Amino acid sequence: MKKMIFLFSCILILSFAASPAWPGGSLLVKNGTILTVTKGVIPRGDILIMGGIIKQIGENIQAPPGVQVIDASGKFVLPGIIDSHSHIALSGTNETGDVITAEVDMADVIDAEDLSIFTALSGGVTMVHTMHGSANPIGGRNVTLKLKRGRPSDELVVPQAYKALKFALGENPKQANRIGATGPPRYPVSRMGVNAIIRRELLRARTYMSQWDRYNEVSKSKSPPKTLLPPRRDLRLDTLAELLRGNLVARCHSYRADETLEFINLSKEFGFKIACFEHIPEAYKIVPELAGEGIGISIFLDNWAYKVEAAEGIAPMAAYCAQNGILVSINSDSAERIRRLFNDAAKAIKYGGLPEEEALKLVTLNPAIQLGVEKIAGSLEAGKHGDVAIFNEHPLSAYTRCEMTIIEGEVYFDRSQYLSEREEAAKQKKEPKKG
Amino acid sequence: MAKTVIKNLMVLVIITLISPALVRADVQPTYALVNCRIVPVAGPTVEKGVVVIRDGLIESIGTIGIINIPEDAEVIEAEGLTAYPGLISAHTNFFIEPPKEERPATEAPRASESQPMKPSAKPGLEAFTLLKPKKATIEALHRIGITTVLTVAGTGIFAGRSVLINLNGEAVEPMVVKNSVALHINFATERGAYPSSLMGTMALLRQSFLDAAYYASHRARFEQLRRGLKRPEYNPNLEDLVPYVVDKKPIIFTCANQEDIRRALRLRGEFNLNVLISGANEAWRVVDLLRKTPVPLLVSLDFRPPMSSEYAQKGEEEKRRAEKDIYPANAKALSQAGLSFALTSFGLTDAAAIQKNIRDAIKAGLPAEEALKALTITPAKFLGVDSILGSLETGKIANVILAKGEIFDEKTEIEKVFVDGLLFQVEKKAAETQPAGINVTGTWKATVRSPMGELDMTMELEQEGSQVSGVLASEMGRWEIRNGTFSGSTLTFSIEATIMGQTMTMEFSGRAEKDSLEGTISTVMGNAELRASRVPKTAP
Amino acid sequence: MKKHILILFSILFIVASLVFGQNETKPYTAVKNVHIVPVVGDDIPAGTILIKDKFIEAIGKDIVIPVGARIVDGAGFYAYPGMIDSYCFLGLSEISSIPATIDHRETGRINPQLRSTEALRPDSMHIPITRSNGITAALVVPSGGLIAGQSGLIRLTGWTPGEMVIKSPVAMHVEFPSISRRGFQREQAPQEEASKQVIELKDWLNKARFYQKRRETAAKNLLLPMPEFDEKLDFLLPVVDGELPLMISVYADKDIRAAIKFVQEEKIKAIFFGVTQGWKVAEEIAEAGIPAVIGSLYDMPPSWEDGYDALYRNPAALQKAGVKIAFSSQSASLAKDLPYHAAKAAAFGLDKREALRAVTINPAEILGVADIMGSLEKGKLANIVLANGDILELRTTISRVFIDGQEVDLSSIYTELLEKYKPRNKEKK
């Protein structure tokens, strides 16, 4: 019996040690107007988060002993906002030393101390898909992070998210706006070249895969030849092979409708999955194709006309595409815009009359689906992570303001605390001068 | 049995006959330091003792009266002085004259099919071949008790192999204690070439390690079979990497911030490398991780917060506060966590600053005896030379310093330094020369290093009173310097640069010395580091 | 007696024009049953606005609508005065990365001779979009250098620049060093640079004064030599005369102080633009009586110490200190967002009514056109926006817009492109 107890406690200790270093907090958010996104609005409700997970949503929930209560009366409670396309919290954006850089991984350069994380939190953002830039036709692997400010970088990574590889089409990879740069141009400088080099790399990856397959087969045989050598491991082709095997999804920066269709053709030619097109201001021109393929779009609501290929990006697109069967998310792509994504969501009501709940989905559930994390985030439901934003007014009002941002039951942004700390600091700054 | 004894004796005789001619022509005196307090580091303190030094080694050491003072000894009366082992700085860039960089003509990225290591990557570069000892620097280091340094080239992703030298003169060969100590790797980027970014550097490192292992196994198979297998194409870079990837010789990663430490540990795990971590002035932030994966730490005494840290991003005031109050406590935190670490002067060039920072680390809570170990026996162990260096013991190299007082105390001065048994009188510190009279006017060659990559620039500065004007020129364009000021040793200016049609304001803030200048450029995109050196005026 | 005849005459004239005018075109448009937000004065829950030609003929609860007037039923709508963007590049910039489409920035440091309205492109795709969001007038400005040139106020309708210009010049633009785009890195205000610029500006104004004195005396006295024409100095004369205000782009608190001192010493009219750190010196700006046009709030604060919400709370701090403020888009492609800058400031402490004033009557006053626009009042230009809710609210839809009494088309490249592709998308389904 004693032995049993000993064993049991050993297992307990072991399982505890194996659980994440930061188990998540417990909180009761009380008396707020809860915008669940998937299950309607609770005019005056509570959310209980235990160990980082939403345990219960409803009315008159009692706080278990020791659980902190956050009074949200008069306020609006919504799922943490998710930015499907960002470049914050990274040391570096583009590997410009080559044209194809599938071998690089943004997970290697997470910058957990980037102050932009705070900026994002102040706008209710809890999760970002932070990506390689668009300088190269094939960029690098992206990473999805929770903005747990102050925690070590590896704890920010969301392991449930899709593994995604960045592609880019159009003006950026063909370096159309490269003004003032010296030296000869790099290949490619045309959309023909962009497509051709992507195809070249995928064809190389195919050959690489078959070399490995053949090697593996022969080496397993009864008497493999002594001269049998494995192929050289090539990290660039490894990544592309992962794409072709379906273990990675493509996220493709595209602007024009035509180039977008060509990329869809390419994906069919090689059989890889496109999770999402980025920016794509001309998506409204090819709604049936995108809806038919089930490919989402991650767009600016109405930031446009900053270059030629962005000059036909229309503000009503978000609502129009969402109403016609495309999974739409609104992204920031900016360390500034990231703190007002909720304003952009509201614009989808103005430009195109999207219903409020659908508009809210553009920055919550839809990006969650695009990132493959809809089981843990994107809406307020029992069982999902306790990632919550609290706003003083309806988040789709122009007059709203984020008051608090919570990730897995831990408060990472608290405006009232921020203000009192600021006041305190200002006081302290004044006092020593007197003394 | 007898035969072997005779044989051994023969060998000994031959050696004694030949060796003086090989090693040194001049005869060195035997020294006996008497009546000194001895802090041997290994073992207890001797209150009144004797150290006998002969032919570069400690012949005997111990309490006065017990130790025999040889007849031929020059007796040095050391009453009131304390003998310590010479200090070791286990990572520096001292005395390295970097090879002239052949910058290839600007060429467009090649849309290559894979990125092999560039010929410019030099994992085989021996720091030894670049050594140019300077008397003034050696004297300055003696003054603070440093007798031994590990030195290596400072730039490049593969910075080459370090050499451990005793500061015993200005001739290179006699200085070398151990060559090819370790391969040094920096999380740096290439200028305008692959890898231009940190993630590219990580990818390149991984690919290089894979390639080296592949090269080695291919070669081994070829040597085994000889026939029927195409011979592996000779590749000097991979050849130079093989000992570190396959034979697990030590690699020292320079880690500018906590994320670099994580990166180094990640590579260590992925490729099962023998890793030492240097720099590491943010080791205190990853203490838990380092306890899980104990690796030798060569902790820099440079307390400037790295530009990635929050402290450096929140404005100059916060940055200075962190440099003064937070980063000096790094070593204390490591010591409390029970981690094994050496202290190094990496990142610091001024001897007075090194000494001050050792004291600051102690003030911040590092016990003085721990500091001493971290500058003597611990680095000796890490570098595999603890049998000959790092403490005062019989038979070890006679690197001995005589200090008037506790070595790290504020007022303590070092009076005599023995390196390899050679006596160096320490000149009293010359009256401190103020950096007054520094005028930044002139041409400077600058390198801007950012997470996005590196950029070479030429700065033309013109100083009038405290106002500075001029231009910054690079392949990105020519930008005017605005509202520049230089006061004390602080240089600040701003630039309004137009890049790709976007106008962006950049702020520079940094310190200038006579011929060098370093600081931070801040922009809305993030921070970058600028280092510049003066281009000497060519005679008309 | 004479006076009475005059009055009688004018009444007769009005009656006559009423009777005869009706038969030709319909000079009257009546927006009735509308919730009027006149900005100046109290709301009128169900009122009528009577438009005649370009102007508001009558406004109120019980307005008699002349027979034959065009009737617009405003039931369920709110009527606002058209909003005014106090600093933008509409008509001067199309695609920001393509220099061929950018005309608000000239090379050189001293360019008082430039007039932004002379580069105006009435066909700009950004104008109809901005208009359809309820913005009916905009100050289009030159930028770059120390003296950037003269701005003009335009109505957001018209086929030619001439048809669009309401008033030009409105201000002479001067730019102090920017701190607005430096992320959290800024350490100190570039005081030195600003003071250098003040010296340079003072020098120009002084030269202009000498130039003026010599030209004027020479004009009177034939024996004195007439100085050569000097383009730069000549166009600075209205500034030194105190006729044309200087709009000074100034951001850092120390620079703002320097700018106040400069304005007071030179005894010139001034408007501040940008004023990012205005909250630090709000009292001083208020005391100097200098109005402030707030730059775009789509930006980060200049330093971490200022706080993440520094730009957002700045307008409230200025307004509460007594500074007259107006909002601006500081853009062409995003000029449509003017009301949302005001709302963002309201979310961070600015009174909602003050936020509305800061896009209507305040800009009209600051730009010197309050006699004809900025509010819904009798006698002012009929710039009217009908919305289904609060005009600053993101979820509000703008239904109809009148500029100078004429209803304007609310279609734009947005609606045109969408309509163009709708049939294609339906067909392919």
# chains A, B, ... in the order shown; residues from 1 in each chain; ligands from 1
>>> closest_atom_pairs(of="chain C", to="chain A", cutoff="7 Å", atoms="only C-alpha atoms", output="CSV")
residue,atom,partner,partner_atom,distance
C:Glu94,CA,A:Ala305,CA,7.0
C:Ile95,CA,A:Ala305,CA,4.9
C:Ser96,CA,A:Tyr306,CA,4.7
C:Ser97,CA,A:Lys307,CA,5.2
C:Ile98,CA,A:Lys307,CA,6.7
C:Asp299,CA,A:Glu336,CA,6.2
C:Met300,CA,A:Glu336,CA,6.3
C:Tyr308,CA,A:Thr119,CA,6.9
C:Ser333,CA,A:Ala305,CA,6.4
C:Tyr340,CA,A:Ala398,CA,6.5
C:Ala343,CA,A:Tyr399,CA,5.5
C:Lys344,CA,A:Tyr399,CA,6.0
C:Ala346,CA,A:Tyr399,CA,6.2
C:Ala347,CA,A:Tyr399,CA,4.5
C:Glu393,CA,A:Ala398,CA,5.2
C:Leu394,CA,A:Ala398,CA,5.3
C:Arg395,CA,A:Lys350,CA,5.0
C:Thr396,CA,A:Lys350,CA,6.0
C:Thr397,CA,A:Lys350,CA,5.8
C:Tyr414,CA,A:Ile314,CA,5.0
C:Tyr421,CA,A:Lys285,CA,5.7
C:Asn425,CA,A:Pro288,CA,6.0
C:Lys428,CA,A:Pro288,CA,6.2
C:Lys429,CA,A:Pro288,CA,5.7
>>> select_by_dssp(residues="stretch 350-439 of chain B", states="strand (DSSP E)", output="MDAnalysis selection string")
chainID B and resid 400:404 413:419 422:425
>>> write_last_selection(atoms="C-alpha atoms", output="short mmCIF file (atom, residue, chain, number, x, y, z; two decimals), in the first residue's frame")
data_model
loop_
_atom_site.label_atom_id
_atom_site.label_comp_id
_atom_site.auth_asym_id
_atom_site.auth_seq_id
_atom_site.Cartn_x
_atom_site.Cartn_y
_atom_site.Cartn_z
CA VAL B 400 51.41 35.96 -9.84
CA ILE B 401 50.26 39.41 -8.88
CA LEU B 402 51.26 41.33 -5.79
CA ALA B 403 48.60 43.70 -4.57
CA LYS B 404 48.63 46.22 -1.78
CA GLU B 413 46.88 48.98 -6.31
CA ILE B 414 48.79 46.23 -7.97
CA GLU B 415 52.50 46.64 -7.47
CA LYS B 416 54.13 43.77 -9.27
CA VAL B 417 53.03 41.26 -11.83
CA PHE B 418 54.79 38.04 -12.76
CA VAL B 419 53.80 36.46 -16.03
CA LEU B 422 58.85 37.31 -15.73
CA LEU B 423 58.62 40.31 -13.49
CA PHE B 424 56.73 43.38 -14.65
CA GLN B 425 56.85 46.47 -12.50
#
>>> atom_distance(atom1="atom CA of B:Asp386", atom2="atom CA of B:Val41")
11.8 Å
>>> closest_residue(among="C:Pro177, C:Arg109, C:Leu146, C:Asp103", to="chain B", atoms="only C-alpha atoms")
C:Pro177
>>> closest_residue(among="B:Leu225, B:Ile358, B:Ala331, B:Ile157", to="chain A", atoms="only C-alpha atoms")
B:Leu225
>>> residues_around(residues="B:Pro133", least_positions_apart="2", cutoff="9 Å", atoms="only C-alpha atoms", output="mmCIF file with C-alpha atoms, in the first residue's frame")
data_model
loop_
_atom_site.group_PDB
_atom_site.id
_atom_site.type_symbol
_atom_site.label_atom_id
_atom_site.label_comp_id
_atom_site.auth_asym_id
_atom_site.auth_seq_id
_atom_site.Cartn_x
_atom_site.Cartn_y
_atom_site.Cartn_z
ATOM 1 C CA PHE B 94 42.440 42.161 -27.620
ATOM 2 C CA PHE B 95 45.453 42.318 -29.917
ATOM 3 C CA ILE B 96 43.563 41.105 -32.973
ATOM 4 C CA LEU B 131 47.947 38.606 -33.071
ATOM 5 C CA LYS B 135 52.596 47.284 -25.078
ATOM 6 C CA THR B 137 47.285 47.534 -23.603
ATOM 7 C CA ILE B 138 49.403 44.906 -21.872
ATOM 8 C CA LEU B 167 50.731 38.773 -21.333
ATOM 9 C CA GLY B 169 55.824 40.522 -23.646
ATOM 10 C CA GLU B 170 55.278 41.521 -27.198
ATOM 11 C CA ALA B 171 56.589 38.529 -29.081
ATOM 12 C CA VAL B 172 53.718 36.366 -30.204
#
>>> atom_distance(atom1="atom CA of B:Asn439", atom2="atom CA of C:Ser178")
28.4 Å
>>> residues_around(residues="stretch 75-78 of chain C", least_positions_apart="3", cutoff="6 Å", atoms="only C-alpha atoms", output="number ranges by chain")
C: 33-36, 386-388
>>> atom_distance(atom1="atom CA of B:Thr30", atom2="atom CA of B:Gly421")
8.4 Å
>>> closest_residue(among="B:Leu389, B:Val448, B:Ile61, B:Ala312", to="chain C", atoms="only C-alpha atoms")
B:Ala312
>>> interface_residues(of="chain A", to="chain B", cutoff="9 Å", atoms="only C-alpha atoms", output="PyMOL selection string")
chain A and resi 90-101+103-115+140+152-153+177-188+197+201+204+226-230+232-237
>>> write_last_selection(atoms="N, CA and C atoms", output="compact mmCIF listing (two decimals), in the first residue's frame")
# COMPACT_ATOMS: atom_id res chain seq x y z
N LEU A 90 9.46 40.12 -33.08
CA LEU A 90 10.47 39.39 -33.83
C LEU A 90 11.74 40.22 -33.93
N SER A 91 12.89 39.54 -33.96
CA SER A 91 14.14 40.23 -34.28
C SER A 91 14.39 40.01 -35.76
N GLY A 92 13.87 40.90 -36.57
CA GLY A 92 14.03 40.77 -38.02
C GLY A 92 12.73 40.35 -38.68
N THR A 93 12.58 40.75 -39.94
CA THR A 93 11.35 40.44 -40.66
C THR A 93 11.63 39.66 -41.94
N ASN A 94 12.60 40.14 -42.70
CA ASN A 94 12.91 39.51 -43.99
C ASN A 94 14.33 38.98 -44.01
N GLU A 95 14.52 37.82 -44.63
CA GLU A 95 15.87 37.39 -44.98
C GLU A 95 16.05 37.81 -46.43
N THR A 96 16.75 38.93 -46.62
CA THR A 96 16.85 39.49 -47.97
C THR A 96 18.10 39.01 -48.70
N GLY A 97 18.87 38.15 -48.05
CA GLY A 97 20.11 37.69 -48.66
C GLY A 97 19.91 36.69 -49.79
N ASP A 98 18.69 36.20 -49.92
CA ASP A 98 18.42 35.28 -51.02
C ASP A 98 16.96 35.45 -51.43
N VAL A 99 16.60 34.82 -52.52
CA VAL A 99 15.26 35.01 -53.07
C VAL A 99 14.29 33.97 -52.50
N ILE A 100 14.81 32.79 -52.26
CA ILE A 100 14.01 31.72 -51.67
C ILE A 100 14.63 31.42 -50.30
N THR A 101 13.85 31.53 -49.26
CA THR A 101 14.43 31.36 -47.92
C THR A 101 13.52 30.51 -47.04
N GLU A 103 14.10 28.01 -45.55
CA GLU A 103 14.81 27.38 -44.44
C GLU A 103 14.74 28.21 -43.15
N VAL A 104 14.34 29.47 -43.24
CA VAL A 104 14.35 30.28 -42.01
C VAL A 104 13.03 30.13 -41.26
N ASP A 105 13.14 30.31 -39.95
CA ASP A 105 11.99 30.05 -39.09
C ASP A 105 11.86 31.20 -38.08
N MET A 106 10.72 31.88 -38.10
CA MET A 106 10.55 33.03 -37.21
C MET A 106 10.56 32.59 -35.74
N ALA A 107 10.32 31.32 -35.50
CA ALA A 107 10.35 30.84 -34.12
C ALA A 107 11.74 30.97 -33.52
N ASP A 108 12.76 31.06 -34.39
CA ASP A 108 14.13 31.23 -33.91
C ASP A 108 14.41 32.64 -33.42
N VAL A 109 13.58 33.59 -33.79
CA VAL A 109 13.90 35.00 -33.50
C VAL A 109 12.76 35.72 -32.79
N ILE A 110 12.07 35.00 -31.94
CA ILE A 110 11.01 35.64 -31.16
C ILE A 110 11.64 36.66 -30.21
N ASP A 111 11.08 37.84 -30.19
CA ASP A 111 11.56 38.89 -29.29
C ASP A 111 10.46 39.17 -28.27
N ALA A 112 10.56 38.48 -27.15
CA ALA A 112 9.50 38.58 -26.15
C ALA A 112 9.50 39.92 -25.44
N GLU A 113 10.53 40.72 -25.68
CA GLU A 113 10.61 42.01 -25.00
C GLU A 113 10.17 43.18 -25.89
N ASP A 114 9.74 42.88 -27.09
CA ASP A 114 9.28 43.94 -28.00
C ASP A 114 8.16 44.73 -27.32
N LEU A 115 8.33 46.03 -27.23
CA LEU A 115 7.29 46.85 -26.58
C LEU A 115 5.99 46.83 -27.38
N GLY A 140 9.77 32.51 -45.06
CA GLY A 140 10.14 31.51 -44.07
C GLY A 140 8.93 31.02 -43.32
N PRO A 152 8.93 34.05 -20.71
CA PRO A 152 10.01 33.71 -21.66
C PRO A 152 9.45 33.41 -23.06
N SER A 153 10.27 33.66 -24.05
CA SER A 153 9.81 33.60 -25.44
C SER A 153 9.17 32.26 -25.79
N ASN A 177 9.23 48.49 -55.99
CA ASN A 177 9.32 49.80 -55.33
C ASN A 177 10.68 50.02 -54.70
N ARG A 178 11.67 49.34 -55.27
CA ARG A 178 13.01 49.43 -54.71
C ARG A 178 13.70 50.67 -55.27
N ILE A 179 13.43 51.79 -54.63
CA ILE A 179 13.98 53.05 -55.11
C ILE A 179 15.24 53.38 -54.34
N GLY A 180 16.24 53.87 -55.04
CA GLY A 180 17.44 54.31 -54.36
C GLY A 180 18.43 53.19 -54.08
N ALA A 181 18.06 51.96 -54.38
CA ALA A 181 18.98 50.86 -54.15
C ALA A 181 19.97 50.80 -55.30
N THR A 182 21.20 50.41 -54.96
CA THR A 182 22.22 50.33 -55.99
C THR A 182 22.42 48.87 -56.39
N GLY A 183 23.27 48.67 -57.35
CA GLY A 183 23.59 47.31 -57.76
C GLY A 183 22.57 46.76 -58.74
N PRO A 184 22.94 45.65 -59.34
CA PRO A 184 22.05 45.08 -60.36
C PRO A 184 20.77 44.53 -59.72
N PRO A 185 19.69 44.45 -60.49
CA PRO A 185 18.45 43.90 -59.94
C PRO A 185 18.61 42.40 -59.70
N ARG A 186 17.82 41.87 -58.82
CA ARG A 186 17.88 40.43 -58.58
C ARG A 186 16.76 39.77 -59.39
N TYR A 187 16.96 38.53 -59.71
CA TYR A 187 15.90 37.75 -60.33
C TYR A 187 14.94 37.32 -59.23
N PRO A 188 13.65 37.45 -59.34
CA PRO A 188 12.87 37.90 -60.50
C PRO A 188 12.46 39.38 -60.37
N ILE A 197 9.97 30.95 -60.27
CA ILE A 197 10.95 30.52 -59.25
C ILE A 197 10.26 29.71 -58.16
N GLU A 201 11.37 25.80 -57.31
CA GLU A 201 11.70 25.30 -55.98
C GLU A 201 10.82 24.10 -55.61
N ARG A 204 12.12 21.14 -57.42
CA ARG A 204 13.34 20.66 -56.74
C ARG A 204 12.97 19.86 -55.49
N LYS A 226 27.08 -1.25 -50.43
CA LYS A 226 27.96 -0.56 -49.49
C LYS A 226 28.17 0.90 -49.89
N THR A 227 28.03 1.17 -51.15
CA THR A 227 28.27 2.54 -51.62
C THR A 227 27.04 3.43 -51.46
N LEU A 228 26.01 2.90 -50.85
CA LEU A 228 24.78 3.69 -50.71
C LEU A 228 24.99 4.82 -49.70
N LEU A 229 24.78 6.04 -50.18
CA LEU A 229 24.90 7.22 -49.31
C LEU A 229 23.53 7.91 -49.24
N PRO A 230 23.19 8.43 -48.08
CA PRO A 230 21.94 9.19 -48.03
C PRO A 230 22.10 10.49 -48.81
N ARG A 232 22.05 14.51 -49.33
CA ARG A 232 22.42 15.59 -48.41
C ARG A 232 21.15 16.23 -47.86
N ARG A 233 21.09 16.42 -46.56
CA ARG A 233 19.96 17.14 -45.97
C ARG A 233 20.02 18.59 -46.40
N ASP A 234 18.93 19.12 -46.91
CA ASP A 234 18.87 20.51 -47.33
C ASP A 234 17.68 21.14 -46.61
N LEU A 235 17.95 22.05 -45.70
CA LEU A 235 16.88 22.58 -44.85
C LEU A 235 15.82 23.34 -45.66
N ARG A 236 16.27 23.95 -46.74
CA ARG A 236 15.31 24.68 -47.57
C ARG A 236 14.31 23.70 -48.19
N LEU A 237 14.87 22.62 -48.73
CA LEU A 237 13.99 21.64 -49.38
C LEU A 237 13.21 20.83 -48.35
>>> select_by_dssp(residues="stretch 260-471 of chain B", states="alpha helix (DSSP H)", output="ChimeraX atom specification")
/B:260-271,287-292,310-313,316-321,330-336,351-363,368-374,377-382
>>> write_last_selection(atoms="C-alpha atoms", output="short mmCIF file (atom, residue, chain, number, x, y, z; two decimals), in the first residue's frame")
data_model
loop_
_atom_site.label_atom_id
_atom_site.label_comp_id
_atom_site.auth_asym_id
_atom_site.auth_seq_id
_atom_site.Cartn_x
_atom_site.Cartn_y
_atom_site.Cartn_z
CA ASP B 260 20.85 34.41 -27.92
CA ILE B 261 21.41 32.13 -24.91
CA ARG B 262 18.24 30.24 -25.79
CA ARG B 263 19.37 30.00 -29.39
CA ALA B 264 22.79 28.65 -28.39
CA LEU B 265 21.21 26.07 -26.10
CA ARG B 266 18.77 25.09 -28.84
CA LEU B 267 21.63 24.44 -31.27
CA ARG B 268 23.51 22.58 -28.55
CA GLY B 269 20.53 20.28 -28.09
CA GLU B 270 19.85 19.77 -31.78
CA PHE B 271 23.42 18.93 -32.73
CA VAL B 287 18.66 31.17 -14.74
CA ASP B 288 16.06 28.40 -14.69
CA LEU B 289 16.99 27.30 -18.16
CA LEU B 290 20.71 27.34 -17.34
CA ARG B 291 20.12 25.23 -14.28
CA LYS B 292 18.40 22.65 -16.44
CA GLU B 310 12.95 46.46 -22.60
CA TYR B 311 15.31 48.59 -20.56
CA ALA B 312 17.02 49.80 -23.70
CA GLN B 313 13.77 50.51 -25.49
CA GLU B 316 17.86 56.77 -22.26
CA GLU B 317 17.01 57.31 -18.61
CA GLU B 318 15.72 53.79 -18.12
CA LYS B 319 18.69 52.41 -20.01
CA ARG B 320 21.17 54.16 -17.72
CA ARG B 321 19.27 53.04 -14.66
CA ASN B 330 23.96 39.37 -13.10
CA ALA B 331 26.88 37.51 -11.52
CA LYS B 332 25.28 37.61 -8.09
CA ALA B 333 22.13 35.99 -9.45
CA LEU B 334 24.17 33.26 -11.12
CA SER B 335 26.17 32.62 -8.00
CA GLN B 336 23.01 32.38 -5.92
CA ALA B 351 41.12 48.56 -18.27
CA ALA B 352 39.78 51.03 -15.72
CA ALA B 353 36.24 50.21 -16.77
CA ILE B 354 36.91 46.48 -16.39
CA GLN B 355 38.19 47.02 -12.87
CA LYS B 356 35.30 49.30 -11.97
CA ASN B 357 32.80 46.80 -13.23
CA ILE B 358 34.34 43.95 -11.23
CA ARG B 359 33.90 46.14 -8.16
CA ASP B 360 30.35 47.01 -9.18
CA ALA B 361 29.47 43.34 -9.55
CA ILE B 362 30.78 42.79 -6.02
CA LYS B 363 28.86 45.82 -4.76
CA ALA B 368 34.57 38.89 -3.56
CA GLU B 369 36.02 35.39 -3.29
CA GLU B 370 33.55 34.20 -5.94
CA ALA B 371 34.62 37.05 -8.17
CA LEU B 372 38.21 35.97 -7.71
CA LYS B 373 37.44 32.37 -8.64
CA ALA B 374 35.47 33.57 -11.64
CA ILE B 377 40.44 28.92 -11.53
CA THR B 378 36.98 28.77 -13.12
CA PRO B 379 38.03 30.14 -16.52
CA ALA B 380 41.14 27.94 -16.32
CA LYS B 381 38.89 24.91 -15.90
CA PHE B 382 36.52 25.98 -18.68
#
>>> closest_residue(among="B:Ile67, B:Val385, B:Met307, B:Leu392", to="chain C", atoms="only C-alpha atoms")
B:Met307
>>> residues_around(residues="stretch 37-39 of chain B", least_positions_apart="5", cutoff="9 Å", atoms="only C-alpha atoms", output="tab-separated table (two decimals) with N, CA and C atoms, in the first residue's frame")
chain	number	residue	atom	x	y	z
B	44	PRO	N	43.73	27.18	1.38
B	44	PRO	CA	43.52	28.28	2.32
B	44	PRO	C	44.56	29.39	2.16
B	45	THR	N	44.19	30.55	2.67
B	45	THR	CA	45.07	31.71	2.63
B	45	THR	C	46.24	31.48	3.58
B	46	VAL	N	47.42	31.91	3.14
B	46	VAL	CA	48.61	31.84	3.98
B	46	VAL	C	48.90	33.26	4.44
B	47	GLU	N	48.96	33.46	5.75
B	47	GLU	CA	49.09	34.83	6.22
B	47	GLU	C	50.48	35.41	5.98
B	48	LYS	N	51.49	34.60	6.20
B	48	LYS	CA	52.85	35.07	5.96
B	48	LYS	C	53.56	33.98	5.20
B	49	GLY	N	53.85	34.23	3.94
B	49	GLY	CA	54.32	33.12	3.14
B	49	GLY	C	55.44	33.47	2.19
B	50	VAL	N	55.78	32.45	1.44
B	50	VAL	CA	56.85	32.59	0.45
B	50	VAL	C	56.38	31.96	-0.86
B	51	VAL	N	56.71	32.63	-1.94
B	51	VAL	CA	56.47	32.04	-3.26
B	51	VAL	C	57.81	32.04	-3.98
B	61	ILE	N	55.69	26.99	-2.75
B	61	ILE	CA	54.83	28.01	-2.18
B	61	ILE	C	54.36	27.54	-0.81
B	62	GLY	N	54.30	28.45	0.16
B	62	GLY	CA	53.83	28.04	1.48
B	62	GLY	C	54.22	29.03	2.56
B	63	THR	N	54.07	28.57	3.78
B	63	THR	CA	54.32	29.43	4.93
B	63	THR	C	55.80	29.70	5.09
B	78	ALA	N	58.08	41.29	0.42
B	78	ALA	CA	56.69	41.60	0.05
B	78	ALA	C	55.81	41.75	1.27
B	79	GLU	N	56.38	42.20	2.30
B	79	GLU	CA	55.62	42.47	3.53
B	79	GLU	C	54.51	43.48	3.20
B	80	GLY	N	53.29	43.15	3.61
B	80	GLY	CA	52.17	44.09	3.36
B	80	GLY	C	51.54	43.90	2.01
B	81	LEU	N	52.06	42.98	1.23
B	81	LEU	CA	51.46	42.73	-0.09
B	81	LEU	C	50.78	41.36	-0.08
B	82	THR	N	49.82	41.20	-0.97
B	82	THR	CA	49.13	39.92	-1.09
B	82	THR	C	49.38	39.35	-2.48
B	83	ALA	N	49.73	38.07	-2.50
B	83	ALA	CA	49.96	37.41	-3.79
B	83	ALA	C	48.69	36.68	-4.22
B	84	TYR	N	48.30	36.95	-5.44
B	84	TYR	CA	47.14	36.28	-6.04
B	84	TYR	C	47.58	35.64	-7.35
B	85	PRO	N	46.83	34.64	-7.79
B	85	PRO	CA	47.11	34.18	-9.16
B	85	PRO	C	46.72	35.28	-10.15
B	391	SER	N	45.55	29.15	-10.32
B	391	SER	CA	45.74	29.18	-8.87
B	391	SER	C	47.24	29.19	-8.60
B	392	LEU	N	47.57	29.50	-7.36
B	392	LEU	CA	48.98	29.48	-6.97
B	392	LEU	C	49.28	28.12	-6.34
>>> residues_around(residues="C:Val385", least_positions_apart="6", cutoff="7 Å", atoms="only C-alpha atoms", output="count of residues only")
8
